[in-house]
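Chemist: Sharing protein39.txt here; it has compact mmCIF, C-alpha atoms.
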```
# COMPACT_ATOMS: atom_id res chain seq x y z
CA MET A 691 5.30 -24.20 9.50
CA SER A 692 7.99 -25.64 7.28
CA HIS A 693 10.42 -26.15 10.15
CA ASN A 694 10.00 -27.79 13.52
CA PHE A 695 10.82 -24.73 15.55
CA ALA A 696 10.27 -26.62 18.81
CA GLN A 697 13.37 -28.75 18.24
CA ASP A 698 15.65 -25.75 17.99
CA LEU A 699 15.52 -24.25 21.45
CA GLU A 700 19.24 -24.57 21.91
CA HIS A 701 20.02 -22.50 18.82
CA CYS A 702 17.50 -19.76 19.54
CA ALA A 703 18.52 -16.45 21.04
CA LEU A 704 15.31 -16.00 23.03
CA PRO A 705 16.30 -18.17 26.02
CA GLY A 706 19.57 -16.26 26.38
CA ALA A 707 17.80 -12.93 26.11
CA LEU A 708 15.34 -13.99 28.78
CA GLU A 709 18.16 -15.26 30.97
CA ALA A 710 19.54 -11.71 30.95
CA MET A 711 16.25 -9.81 30.94
CA GLY A 712 13.40 -12.18 31.76
CA GLU A 713 12.45 -10.62 35.02
CA ARG A 714 10.10 -7.74 35.48
CA TRP A 715 12.35 -5.64 37.71
CA SER A 716 15.11 -5.64 35.11
CA PHE A 717 12.72 -4.09 32.59
CA MET A 718 11.44 -1.59 35.14
CA ILE A 719 14.99 -0.52 36.04
CA LEU A 720 15.75 0.09 32.35
CA ARG A 721 12.47 1.92 31.94
CA SER A 722 13.53 4.30 34.71
CA ALA A 723 17.02 4.61 33.22
CA ILE A 724 15.53 5.74 29.90
CA SER A 725 13.78 8.56 31.71
CA GLY A 726 16.99 9.76 33.30
CA VAL A 727 17.18 7.90 36.62
CA ARG A 728 20.84 7.14 37.42
CA HIS A 729 21.37 6.62 41.13
CA PHE A 730 20.60 3.74 43.43
CA GLU A 731 18.45 5.90 45.72
CA GLU A 732 16.49 7.30 42.78
CA PHE A 733 15.78 3.83 41.37
CA GLN A 734 14.70 2.75 44.83
CA ALA A 735 12.35 5.69 45.32
CA THR A 736 10.93 5.53 41.78
CA LEU A 737 10.29 1.82 41.67
CA GLY A 738 9.49 1.13 45.32
CA ILE A 739 11.67 -1.98 45.05
CA ALA A 740 13.36 -3.64 48.05
CA ARG A 741 17.00 -2.53 48.36
CA ASN A 742 18.45 -6.04 48.24
CA ILE A 743 16.47 -6.91 45.09
CA LEU A 744 17.47 -3.63 43.43
CA ALA A 745 21.15 -4.24 44.27
CA ASN A 746 20.91 -7.76 42.89
CA ARG A 747 19.19 -6.70 39.66
CA LEU A 748 21.56 -3.78 39.04
CA ALA A 749 24.53 -6.10 39.57
CA ARG A 750 23.04 -8.56 37.08
CA LEU A 751 22.39 -5.83 34.51
CA VAL A 752 26.01 -4.66 34.87
CA GLU A 753 27.29 -8.24 34.68
CA ASN A 754 25.32 -8.75 31.46
CA GLY A 755 26.69 -5.55 29.93
CA ILE A 756 23.24 -3.93 29.79
CA MET A 757 24.18 -1.17 32.24
CA VAL A 758 27.50 0.25 33.34
CA ARG A 759 28.32 1.33 36.88
CA GLN A 760 30.71 4.29 37.09
CA PRO A 761 31.74 7.19 39.33
CA MET A 762 29.98 10.46 38.49
CA LEU A 763 32.11 12.97 36.60
CA CYS A 764 31.05 15.85 38.86
CA ASP A 765 31.52 14.01 42.15
CA ARG A 766 33.58 10.87 41.96
CA ARG A 767 32.42 9.66 45.39
CA LYS A 768 28.99 9.10 43.86
CA VAL A 769 28.15 6.23 41.56
CA GLU A 770 25.76 6.24 38.63
CA TYR A 771 24.25 3.51 36.49
CA LEU A 772 23.94 4.18 32.75
CA MET A 773 22.54 2.09 29.92
CA THR A 774 25.07 0.73 27.44
CA ALA A 775 24.44 0.41 23.70
CA LYS A 776 23.39 -3.18 24.43
CA GLY A 777 20.87 -1.86 26.96
CA GLU A 778 19.54 0.79 24.58
CA ASP A 779 18.97 -1.93 21.99
CA LEU A 780 16.36 -3.42 24.34
CA VAL A 781 14.14 -0.36 23.99
CA PRO A 782 12.13 -1.66 20.97
CA ALA A 783 11.27 -4.83 22.95
CA MET A 784 10.28 -2.72 25.97
CA ILE A 785 8.11 -0.44 23.86
CA ALA A 786 6.47 -3.44 22.16
CA LEU A 787 5.56 -4.83 25.61
CA ARG A 788 4.30 -1.45 26.76
CA GLN A 789 2.12 -1.07 23.65
CA TRP A 790 0.76 -4.57 24.20
CA GLY A 791 -0.10 -3.67 27.80
CA GLU A 792 -1.77 -0.52 26.56
CA LYS A 793 -3.85 -2.33 23.95
CA TRP A 794 -4.89 -5.28 26.12
CA GLY A 795 -4.68 -3.80 29.61
CA SER A 796 -7.22 -1.99 31.69
CA GLY A 797 -8.08 0.35 28.83
CA ALA A 798 -6.78 3.32 30.78
CA PRO A 799 -4.71 5.67 28.62
CA CYS A 800 -1.00 5.04 28.91
CA THR A 801 0.91 8.22 29.76
CA PRO A 802 3.31 9.71 29.00
CA ILE A 803 2.89 9.19 25.28
CA LEU A 804 5.90 8.06 23.29
CA ALA A 805 6.32 10.52 20.45
CA ASP A 806 8.72 11.49 17.72
CA ARG A 807 10.80 14.36 19.14
CA ARG A 808 10.87 16.01 15.69
CA ASP A 809 7.14 16.49 15.21
CA GLY A 810 5.58 15.52 18.56
CA LYS A 811 3.41 12.85 16.95
CA PRO A 812 2.96 9.42 18.58
CA ILE A 813 5.16 6.61 17.33
CA ARG A 814 3.71 3.66 15.42
CA GLN A 815 2.73 0.35 16.90
CA ILE A 816 5.85 -1.86 16.88
CA CYS A 817 5.30 -4.58 14.29
CA ILE A 818 6.98 -7.27 12.23
CA LEU A 819 8.21 -6.02 8.86
CA SER A 820 9.43 -7.87 5.79
CA HIS A 821 12.82 -6.96 4.32
CA ASP A 822 11.06 -4.47 2.04
CA GLY A 823 8.91 -2.93 4.76
CA ARG A 824 5.58 -4.75 4.49
CA SER A 825 3.80 -5.33 7.80
CA LEU A 826 3.64 -9.08 8.55
CA GLY A 827 1.19 -11.00 10.73
CA LEU A 828 1.90 -14.26 12.50
CA GLY A 829 0.50 -16.19 9.50
CA ASP A 830 2.86 -14.38 7.14
CA ILE A 831 6.07 -15.55 8.80
CA ALA A 832 7.82 -18.90 8.58
CA TRP A 833 10.67 -20.45 10.53
CA LEU A 834 13.22 -21.49 7.95
CA SER A 835 16.50 -23.34 8.11
CA VAL A 836 19.56 -21.64 6.60
CA ASP A 837 19.14 -23.82 3.48
CA GLU A 838 15.52 -22.83 2.98
CA MET A 839 16.08 -19.11 3.43
CA ARG A 840 16.61 -16.74 0.51
CA PRO A 841 19.14 -13.97 1.12
CA VAL A 842 18.05 -10.34 0.89
CA SER A 843 20.10 -9.51 -2.18
CA CYS A 844 21.49 -6.04 -2.68
CA ASP A 845 20.56 -6.15 -6.36
CA ALA A 846 16.92 -6.85 -5.66
CA GLU A 847 16.91 -4.04 -3.11
CA HIS A 848 18.37 -1.47 -5.46
CA GLN A 849 17.07 -2.47 -8.87
CA GLY A 850 13.58 -3.61 -7.93
CA ALA A 851 10.53 -1.57 -7.14
CA PRO A 852 10.91 0.88 -4.25
CA PRO A 853 9.96 -0.70 -0.91
CA GLU A 854 6.31 -0.30 0.03
CA PRO A 855 5.82 1.78 3.14
CA ALA A 856 4.58 -0.29 6.09
CA ALA A 857 0.87 -0.09 6.86
CA ALA A 858 0.11 2.80 9.22
CA MET B 265 13.16 14.65 28.16
CA SER B 266 10.29 17.11 28.33
CA HIS B 267 8.33 15.00 30.79
CA ASN B 268 9.34 13.35 34.02
CA PHE B 269 8.60 9.84 32.90
CA ALA B 270 9.73 8.42 36.24
CA GLN B 271 6.73 9.95 38.03
CA ASP B 272 4.23 8.19 35.82
CA LEU B 273 4.75 4.54 36.64
CA GLU B 274 1.14 4.13 37.69
CA HIS B 275 -0.18 5.24 34.29
CA CYS B 276 2.24 3.20 32.20
CA ALA B 277 1.22 -0.07 30.62
CA LEU B 278 4.62 -1.70 31.01
CA PRO B 279 4.20 -2.81 34.66
CA GLY B 280 0.88 -4.46 33.79
CA ALA B 281 2.37 -6.17 30.76
CA LEU B 282 5.24 -7.47 32.87
CA GLU B 283 2.82 -8.62 35.54
CA ALA B 284 1.23 -10.86 32.92
CA MET B 285 4.36 -11.77 30.96
CA GLY B 286 7.44 -10.78 32.96
CA GLU B 287 8.71 -14.26 33.53
CA ARG B 288 10.89 -16.22 31.21
CA TRP B 289 8.85 -19.42 31.18
CA SER B 290 5.77 -17.56 30.01
CA PHE B 291 7.69 -16.35 26.96
CA MET B 292 9.15 -19.78 26.34
CA ILE B 293 5.69 -21.40 26.50
CA LEU B 294 4.39 -18.91 23.92
CA ARG B 295 7.46 -19.47 21.79
CA SER B 296 6.64 -23.18 21.70
CA ALA B 297 2.97 -22.43 21.03
CA ILE B 298 3.90 -20.39 17.95
CA SER B 299 5.70 -23.43 16.56
CA GLY B 300 2.64 -25.63 17.00
CA VAL B 301 3.06 -27.13 20.47
CA ARG B 302 -0.41 -27.56 22.04
CA HIS B 303 -0.38 -30.21 24.74
CA PHE B 304 0.89 -30.22 28.30
CA GLU B 305 3.17 -33.20 27.67
CA GLU B 306 4.61 -31.59 24.52
CA PHE B 307 5.36 -28.32 26.34
CA GLN B 308 6.97 -30.31 29.11
CA ALA B 309 9.17 -32.33 26.77
CA THR B 310 10.10 -29.34 24.58
CA LEU B 311 10.96 -26.95 27.38
CA GLY B 312 12.28 -29.36 30.00
CA ILE B 313 10.29 -27.42 32.59
CA ALA B 314 9.15 -28.89 35.92
CA ARG B 315 5.51 -30.06 35.70
CA ASN B 316 4.29 -27.93 38.60
CA ILE B 317 5.88 -24.78 37.15
CA LEU B 318 4.44 -25.53 33.70
CA ALA B 319 0.96 -26.07 35.18
CA ASN B 320 1.25 -22.81 37.12
CA ARG B 321 2.44 -20.78 34.10
CA LEU B 322 -0.17 -22.24 31.74
CA ALA B 323 -2.89 -21.44 34.29
CA ARG B 324 -1.60 -17.87 34.55
CA LEU B 325 -1.47 -17.46 30.76
CA VAL B 326 -5.09 -18.71 30.55
CA GLU B 327 -6.16 -16.46 33.44
CA ASN B 328 -4.60 -13.47 31.65
CA GLY B 329 -6.38 -14.30 28.39
CA ILE B 330 -3.09 -14.95 26.56
CA MET B 331 -3.86 -18.62 25.97
CA VAL B 332 -7.08 -20.59 25.95
CA ARG B 333 -7.50 -24.12 27.33
CA GLN B 334 -10.01 -26.25 25.45
CA PRO B 335 -10.92 -29.86 24.64
CA MET B 336 -9.51 -31.07 21.29
CA LEU B 337 -12.05 -31.26 18.49
CA CYS B 338 -10.85 -34.73 17.39
CA ASP B 339 -10.73 -36.23 20.90
CA ARG B 340 -12.61 -34.34 23.55
CA ARG B 341 -10.90 -36.23 26.37
CA LYS B 342 -7.69 -34.41 25.44
CA VAL B 343 -7.00 -30.78 26.23
CA GLU B 344 -5.04 -28.30 24.14
CA TYR B 345 -3.65 -24.84 24.81
CA LEU B 346 -3.91 -22.28 22.03
CA MET B 347 -2.77 -18.68 21.78
CA THR B 348 -5.51 -16.06 21.73
CA ALA B 349 -5.38 -12.85 19.66
CA LYS B 350 -4.01 -11.17 22.79
CA GLY B 351 -1.26 -13.81 22.91
CA GLU B 352 -0.46 -13.44 19.22
CA ASP B 353 -0.05 -9.71 19.77
CA LEU B 354 2.94 -10.48 21.98
CA VAL B 355 4.90 -11.90 19.05
CA PRO B 356 6.55 -8.59 18.01
CA ALA B 357 7.89 -8.17 21.58
CA MET B 358 9.13 -11.77 21.58
CA ILE B 359 10.84 -11.35 18.21
CA ALA B 360 12.43 -8.08 19.35
CA LEU B 361 13.88 -9.89 22.39
CA ARG B 362 15.06 -12.77 20.22
CA GLN B 363 16.78 -10.40 17.77
CA TRP B 364 18.42 -8.62 20.68
CA GLY B 365 19.70 -11.94 21.99
CA GLU B 366 20.96 -12.77 18.52
CA LYS B 367 22.79 -9.46 18.14
CA TRP B 368 24.31 -9.34 21.62
CA GLY B 369 24.47 -13.00 22.55
CA SER B 370 27.13 -15.59 22.03
CA GLY B 371 27.44 -14.70 18.37
CA ALA B 372 26.23 -18.14 17.36
CA PRO B 373 23.74 -18.00 14.49
CA CYS B 374 20.14 -18.08 15.67
CA THR B 375 18.16 -20.79 13.91
CA PRO B 376 15.58 -21.27 12.60
CA ILE B 377 15.54 -17.98 10.73
CA LEU B 378 12.38 -15.91 10.85
CA ALA B 379 11.41 -15.19 7.27
CA ASP B 380 8.60 -13.78 5.19
CA ARG B 381 6.53 -16.77 4.06
CA ARG B 382 5.89 -15.05 0.70
CA ASP B 383 9.49 -14.71 -0.48
CA GLY B 384 11.55 -16.65 2.07
CA LYS B 385 13.65 -13.63 2.95
CA PRO B 386 14.55 -12.80 6.57
CA ILE B 387 12.39 -10.27 8.35
CA ARG B 388 13.76 -6.87 9.35
CA GLN B 389 15.15 -5.96 12.71
CA ILE B 390 12.22 -4.81 14.87
CA CYS B 391 12.59 -1.07 15.40
CA ILE B 392 10.84 2.07 16.54
CA LEU B 393 9.07 3.91 13.71
CA SER B 394 7.58 7.37 13.49
CA HIS B 395 3.96 7.78 12.36
CA ASP B 396 5.23 8.18 8.79
CA GLY B 397 7.62 5.24 8.90
CA ARG B 398 11.01 6.77 9.74
CA SER B 399 13.25 4.64 11.92
CA LEU B 400 13.76 6.33 15.32
CA GLY B 401 16.61 5.91 17.81
CA LEU B 402 16.37 6.45 21.55
CA GLY B 403 17.47 10.09 21.08
CA ASP B 404 14.69 10.70 18.58
CA ILE B 405 11.83 9.88 20.93
CA ALA B 406 10.30 11.97 23.69
CA TRP B 407 7.86 11.18 26.47
CA LEU B 408 5.03 13.69 26.11
CA SER B 409 1.93 14.47 28.10
CA VAL B 410 -1.41 14.42 26.27
CA ASP B 411 -1.28 18.24 26.08
CA GLU B 412 2.16 18.28 24.50
CA MET B 413 1.43 15.61 21.91
CA ARG B 414 0.35 16.45 18.35
CA PRO B 415 -2.26 14.14 16.83
CA VAL B 416 -1.43 12.20 13.67
CA SER B 417 -3.85 14.01 11.38
CA CYS B 418 -5.37 12.23 8.40
CA ASP B 419 -4.90 15.32 6.20
CA ALA B 420 -1.18 15.50 6.85
CA GLU B 421 -0.94 11.80 6.08
CA HIS B 422 -2.69 12.05 2.74
CA GLN B 423 -1.67 15.47 1.43
CA GLY B 424 1.94 15.54 2.55
CA ALA B 425 4.94 13.88 1.03
CA PRO B 426 4.78 10.10 0.79
CA PRO B 427 6.14 8.37 3.89
CA GLU B 428 9.82 7.57 3.73
CA PRO B 429 10.51 3.85 3.90
CA ALA B 430 12.16 2.78 7.15
CA ALA B 431 15.88 2.16 7.01
CA ALA B 432 16.65 -1.44 6.03
```
Produce structure tokens that represent the structure in this file.
Modeler:
Amino acid sequence: MSHNFAQDLEHCALPGALEAMGERWSFMILRSAISGVRHFEEFQATLGIARNILANRLARLVENGIMVRQPMLCDRRKVEYLMTAKGEDLVPAMIALRQWGEKWGSGAPCTPILADRRDGKPIRQICILSHDGRSLGLGDIAWLSVDEMRPVSCDAEHQGAPPEPAAA
Amino acid sequence: MSHNFAQDLEHCALPGALEAMGERWSFMILRSAISGVRHFEEFQATLGIARNILANRLARLVENGIMVRQPMLCDRRKVEYLMTAKGEDLVPAMIALRQWGEKWGSGAPCTPILADRRDGKPIRQICILSHDGRSLGLGDIAWLSVDEMRPVSCDAEHQGAPPEPAAA
């Protein structure tokens, strides 16, 4: 590694992300939200989570801007919790964790299957890609300082060879 | 959604993955391990974590097969902790979380920058891809049962149009 990554904890976004999301119930609440769960009672029944913990986690998700709490349009006495754009942006991380659990877990098939709505075919394994779409392993990536990094130039993107498709 | 995802918690790999990894210190320990930290004292100094919590989390990571604890080759009285292949497979999920924190966090630049070792250019945003490499949003994916899913056939892959590169 050309950079001592360990020294840079304070400038890394991972600790902040984990501060907001680094708790299994928060992920499980979002996982339910993706599938259409919106109400406190539904979350409680789906997840089997204690009511005080659920209330705490929902409040934290709202506080962090990951979910929004609002009266229902059809019945304003009822409240629903919806994912924000910030919350939806967590989905790739959630899917990566799910795929990891599937690969390294009990070996039991993971259902339902996440598929492309257009053709019904399963999505790819989430992976690290270079700027031009090559699949990168841990040994292919480096932690660079701003000085060491080379920008992804627009010229290179448009005048160079077409990007290679990522490995299937 | 064509499937009630909420009913299938017991067949989903996410709860198991979170059971093993759903705790912020576990991610932070792995993050240090990626940058070359190997010894208890180094983890402790880098992360500023209480010794009893660090010991507990390292033991859990070893128990879950994410790290391995072994005597050092050069000095067998010393012990080191290394990531296993199962641990390395968590890196895409960690990077996805880090990128999310970068995008939605304080707005401060996240350093060091994760780059392709080959050309020094920053890696892409981790995203959801279809079997043929199209970038998919949350609205483009569906949760399907095994019966509803269409397999990714080898013929279609090789005889059809070349896969579109994912959006940069």
Chemist: Find the residue from A:Leu704, A:Met762, A:Met839, A:Ala775 that sits nearest to Met292 (chain B); use all atoms listed in the file when measuring.
Modeler: A:Leu704
Chemist: Could you please tell me, as a ChimeraX atom specification, which residues of chain B have an atom within 6 Å of chain A when using only C-alpha atoms?
Modeler: /B:269-270,275-278,281-282,286-288,296,299,356-357,360-362,365-366,374-381,384-385,387-388,391-395,404-409,413-416,429
Chemist: Check the smallest atom-to-atom distance from each of A:Met757, A:Ile719, A:Leu772, A:Val752 to Gly738 (chain A) using all atoms listed in the file, then report the winner.
Modeler: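 Closest to Gly738 (chain A) of all the choices is A:Ile719.
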Chemist: Suppose you want the space between CA of Thr774 (chain A) and CA of Arg759 (chain A); what is it in Å?
Modeler: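 For CA of Thr774 (chain A) relative to CA of Arg759 (chain A), the distance reads 10.0 Å.
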Chemist: Would you work out the distance separating CA of Gln334 (chain B) from CA of Gln308 (chain B), expressed in Å to one decimal?
Modeler: 17.8 Å
